[in-house]
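Each remark here refers to the structure printed beneath this line.
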Amino acid sequence: MLDEALKGDIQTAYRRVLEGLELTPRYGQRLMIAEIARTLAGIEADDSGKRTSDEHVCVLEAGTGTGKTLAYLLAALPVAQARGKRLVISTATVALQEQVLHQDLPALKAHSGLSFDYALAKGRGRYLCVANLEKALDGAEENPTLSMFEQAIESRDGDDFHALVKELAEAYGSGRWAGDRDSWPVTIADPHWRRLTTDHRQCTNRRCGHFNACAFFRARRYLDSADIIVANHDLVLADLSLGGGMVLPKPADCIYVFDEGHHLPDKAVEHFTHRFAVNGALRWLRTLKKSLTELNAALAVQPTLARLLAGFPEAIAAIEPRLGEVMALGHQLAELPQGSGGESRHHRFEMGRAPGPLREQASALVVVFASLARNLESMADILRESLDPDKHTGLPKEQAEPWLPLIALLHGRALEAHALWLAFSEEDDPAEPPRARWLTFEPVAGEPELIYSASPVSAAHTLARTLWGSCYGAVVTSATLTALGRFERLQERAGLANRYRYQRLPSPFDYSRAVLSVPREAVDPSNRDAHERAIVDFIEGLDSREAVLMLFSSRAQLRAVEKALPKTLAERVLAQDRLPKRELIERHRARIDAAQGSIIFGLASFAEGIDLPGDYLTHVVITRLPFSVPDDPVGATLAEWIESRGGNPFMRISVPDASIKLVQACGRLIRKEQDSGRITLLDRRVLTRRYGRALLDALPPFSREIDGVASLP
């Protein structure tokens, strides 16, 4: 229940922010604040603060211009502080994360009257490992055995690396640099950074002699006292996969806000995908076998380590022939000759069902990799304890320390292998969508690679259990959460329950200032030549002073149209695949500032995240409806499952997803309250197919012009 004191705090803070930033109150923003505050304040909890109610999530579609960042901060922060919880703001893009961190939160702190601290949360791999930095300075980081495992480390740049190390060490030691990769003024190459960072398996935490100077744990100490933590979807998902509370606070102690929440389901699917490269595994196993002499010489003085090392030859001998068999079996199943060249290709298993012989091999590999992972974990634990002066393992610290990174690395690879083969050996629940399982053949130089992959086709069950079921409260928001005007598609993909609160908030924009046009030139894209000709003809008829964004569904068509344009027109085109995004936008703006026309040719990524307000964009042209064919292994498996249950994958997946993408594409035009212009759709199917009316009805209430005839939306 939102008590009067809390309600007063929120209203006062909102009034102060509006006055301090000289903002106009917006109806949609006020509704958003009220909805979030009611939902979060209405969460019931026991005396220990544990949530006992199950209507603790609200899902809010808030279009551009709503002012949603300030709305969710103003509503959620006072509730979180009153309930003794931490507010975690999670974004999908670096741009929004930086906006929240460097603009919105400082503004809120300066003007709201609310007292709070905030911090940025990043994974351990974004921070310098001081122990590795010291080894690099001393030239002692050249562990020859570890180098053989990390092939990328072999591509050394000698003086360049050591000059970088000295510069980093001086900057970190003087306090001019906080030790995170992202704040270094120039890009640090991946091979260099891998030698200077660590992960949760290799890190020795408090046992490390550099613990008090550690960049990651310094940042963690800020997190421990922060009221608001700014993170991203990947980090939240990684923390949840480790059980929660490893990098971020425990979910039960958090109120999450997922901005750009429409990205969360896809991020989750990617996060729970497993891969296994057969030749890559054979290489590291061979290297381990060759290194056993050195490992025994260094570590076998400790009895348990000696026993574990003695078991490695047998374990490797059990794994290697089976990997040879799954390599041959994979080629046979994909109908590939051994050592074949050519292009990369996939072989997907129908309905995600691995054939019997492959499942048998997978079951055997689960057992051997589980055993190997357990032994490596035991070794890593002993090595970590050997670094602790209060523990007596029988192994001196100076002998244990150089080998922990290698053993931790191998442990991680064994766990990854175990997870993949477990996914191939298990049967799917017939009541749930199956996992997608497939092979990828990569014709790399020297030794062609065969990669086994497995992925859930939906992260709904995982998110329902690990996120929505375990958190104290959550807000999911974005400009595009509904498909065809409804939340069902998001619920299905993200595991969001019907009992949660859902609302589409009104936009402050007058969409009648924009005209949605389906001109006579629009044709059915199934006739490719006619469609490309229609696009070229349409471009030739554009006003030479217009600021245009043309969105293509394929790179091939973009290039074909670009090639077919007369030279004078082609000179006005800035094509996405010809220029870096930032440079393209800068050139476009410069042309408009110089009162010249400019036409951007963009692909799907330009339908989201491009912000060109006012005169910088006056015409959006969508060349065809943004249907995506579910031909990737994950999408194809899901479509197959839907069809097997009597559903229509096109109507259940393709049309709703196209609706979301179409709304996003149209959303490029109106970015400010005074913006106006035209949106042209060069795909006649929106008028001739039965799904067309649903797609049009889901768009904002633009003025309409069909075949040159104006009409109301």
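In the structure tokens, each chain is lettered A, B, ... as it comes, each chain's residues begin at 1, and ligands are numbered from 1 in order of appearance.
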
Do you have, as a Markdown table, the list of residues of stretch 666-696 of chain A lying at most 6 Å from stretch 615-626 of chain A, each with its nearest atom pair and that distance in Å to one decimal, counting only C-alpha atoms and ordered by chain then number?
| residue | atom | partner | partner_atom | distance |
| --- | --- | --- | --- | --- |
| A:Gly677 | CA | A:Thr618 | CA | 4.6 |
| A:Arg678 | CA | A:His619 | CA | 4.8 |
| A:Ile679 | CA | A:Val620 | CA | 4.7 |
| A:Thr680 | CA | A:Val621 | CA | 4.7 |
| A:Leu681 | CA | A:Ile622 | CA | 4.9 |
| A:Leu682 | CA | A:Thr623 | CA | 4.9 |
| A:Asp683 | CA | A:Arg624 | CA | 4.9 |

Cut-off 6 Å: closest stretch 421-474 of chain A/stretch 492-508 of chain A atom pairs per residue, using only C-alpha atoms, as a Markdown table:
| residue | atom | partner | partner_atom | distance |
| --- | --- | --- | --- | --- |
| A:Ser458 | CA | A:Arg493 | CA | 6.0 |
| A:Ala460 | CA | A:Gly495 | CA | 3.8 |
| A:His461 | CA | A:Gly495 | CA | 5.8 |
| A:Leu463 | CA | A:Gly495 | CA | 5.9 |
| A:Ala464 | CA | A:Gly495 | CA | 4.9 |

Original post:
Near A:Val476, counting only C-alpha atoms, which residues have an atom at most 9 Å away, once you skip same-chain residues fewer than 5 positions from it, shown as an NGL selection string?
Top reply: :A and (57-61 or 256-262 or 481)

Original post:
With only C-alpha atoms as the atoms that count, which of A:Val94, A:Leu558, A:Ala547, A:Ile610 lies nearest to A:Glu532?
Top reply: A:Leu558

Original post:
Any idea what the distance is between atom CA of A:Asp227 and atom CA of A:Phe116?
Top reply: 5.8 Å

Subject >> From A:Ser512, A:Thr393, A:Ser554, A:Ser453, residue lying nearest A:Ile670 [only C-alpha atoms] >> reply: A:Ser512

Subject >> Å distance separating atom CA of A:Ser344 from atom CA of A:Phe441, one decimal place >> reply: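 Going from atom CA of A:Ser344 over to atom CA of A:Phe441, I get 5.5 Å.
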
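Across stretch 388-506 of chain A, DSSP run on the backbone finds strand (DSSP E or B) at Arg435, Ala436, Arg437, Trp438, Leu439, Thr440, Phe441, Glu442, Glu449, Leu450, Ile451, Tyr452, Ser453, Ala454, Ser455, Pro456, Gly473, Ala474, Val475, Val476, Thr477, Ser478, Ala483, Arg486, Arg501, Tyr502, Gln503, Arg504 and Leu505 of chain A.
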
Subject >> Selected residue of minimal separation from A:Pro649 among A:Leu237, A:Ala13, A:Phe349, A:Pro630, counting only C-alpha atoms >> reply: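 With only C-alpha atoms as the atom set, the closest residue is A:Pro630.
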
Original post:
Can you tell me, as a count of residues only, what residues are no more than 10 Å from A:Arg124 when counting only C-alpha atoms, ignoring any on the same chain fewer than 4 positions away?
Top reply: 14

**OP:** Find the residues near stretch 587-593 of chain A: any atom within 10 Å, counting only C-alpha atoms, skip ones fewer than 5 places away on the same chain, and give them as a list of chain:residue names.
**Re:**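 So, after excluding close chain neighbours, the residues are A:Arg545, A:Glu546, A:Ala547, A:Val548, A:Arg572, A:Val573, A:Leu574, A:Leu579, A:Arg582, A:Ser598, A:Ile599, A:Ile600, A:Leu612, A:Asp615, A:Tyr616, A:Leu617.
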
Original post:
Can you list every residue in stretch 272-497 of chain A that DSSP puts in helix (DSSP H, G or I), as number ranges by chain?
Top reply: A: 278-299, 303-310, 312-333, 350-352, 356-386, 397-425, 460-468, 488-494

Find the residues around A:Lys581 up to 12 Å (only C-alpha atoms counted), leave out those fewer than 3 positions away in its own chain, and share them as a compact mmCIF listing (two decimals) with N, CA and C atoms, in the first residue's frame.
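Dumped everything to out_15.txt:
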# COMPACT_ATOMS: atom_id res chain seq x y z
N LEU A 574 24.14 7.76 -48.15
CA LEU A 574 25.10 7.31 -47.14
C LEU A 574 24.67 5.90 -46.73
N ALA A 575 25.41 4.88 -47.18
CA ALA A 575 25.00 3.50 -46.96
C ALA A 575 25.64 2.93 -45.71
N GLN A 576 24.82 2.22 -44.91
CA GLN A 576 25.28 1.67 -43.63
C GLN A 576 26.48 0.75 -43.79
N ASP A 577 26.49 -0.05 -44.84
CA ASP A 577 27.59 -1.03 -44.96
C ASP A 577 28.84 -0.44 -45.60
N ARG A 578 28.83 0.88 -45.86
CA ARG A 578 30.00 1.53 -46.44
C ARG A 578 30.76 2.38 -45.44
N LEU A 584 28.75 7.97 -40.37
CA LEU A 584 27.60 8.14 -41.25
C LEU A 584 26.64 9.19 -40.69
N ILE A 585 26.33 9.09 -39.40
CA ILE A 585 25.41 10.05 -38.77
C ILE A 585 26.00 11.46 -38.80
N GLU A 586 27.30 11.58 -38.55
CA GLU A 586 27.93 12.90 -38.57
C GLU A 586 27.87 13.52 -39.96
N ARG A 587 28.11 12.72 -40.99
CA ARG A 587 28.04 13.24 -42.36
C ARG A 587 26.62 13.65 -42.71
N HIS A 588 25.67 12.83 -42.27
CA HIS A 588 24.26 13.14 -42.54
C HIS A 588 23.88 14.48 -41.89
N ILE A 600 19.98 8.24 -46.00
CA ILE A 600 20.68 7.13 -45.33
C ILE A 600 20.05 5.82 -45.79
N PHE A 601 20.89 4.89 -46.24
CA PHE A 601 20.45 3.52 -46.51
C PHE A 601 20.85 2.67 -45.30
N GLY A 602 19.85 2.13 -44.59
CA GLY A 602 20.16 1.36 -43.39
C GLY A 602 19.49 0.00 -43.40
N LEU A 603 20.04 -0.90 -42.59
CA LEU A 603 19.47 -2.24 -42.40
C LEU A 603 18.69 -2.25 -41.07
N SER A 605 19.31 -2.81 -38.00
CA SER A 605 19.84 -2.18 -36.79
C SER A 605 19.57 -0.67 -36.77
N PHE A 606 19.31 -0.06 -37.95
CA PHE A 606 19.03 1.37 -37.99
C PHE A 606 17.55 1.66 -37.70
N GLY A 609 17.29 2.74 -32.21
CA GLY A 609 18.46 3.38 -31.62
C GLY A 609 19.00 4.56 -32.39
N ILE A 610 18.49 4.85 -33.59
CA ILE A 610 18.92 6.04 -34.33
C ILE A 610 18.07 7.22 -33.86

Subject >> Shell around A:Gln81 at 12 Å using only C-alpha atoms, local window under 4 positions removed, as a PyMOL selection string >> reply: chain A and resi 6+9-10+40-41+73-77+85-87+114-117+226-228+253-255
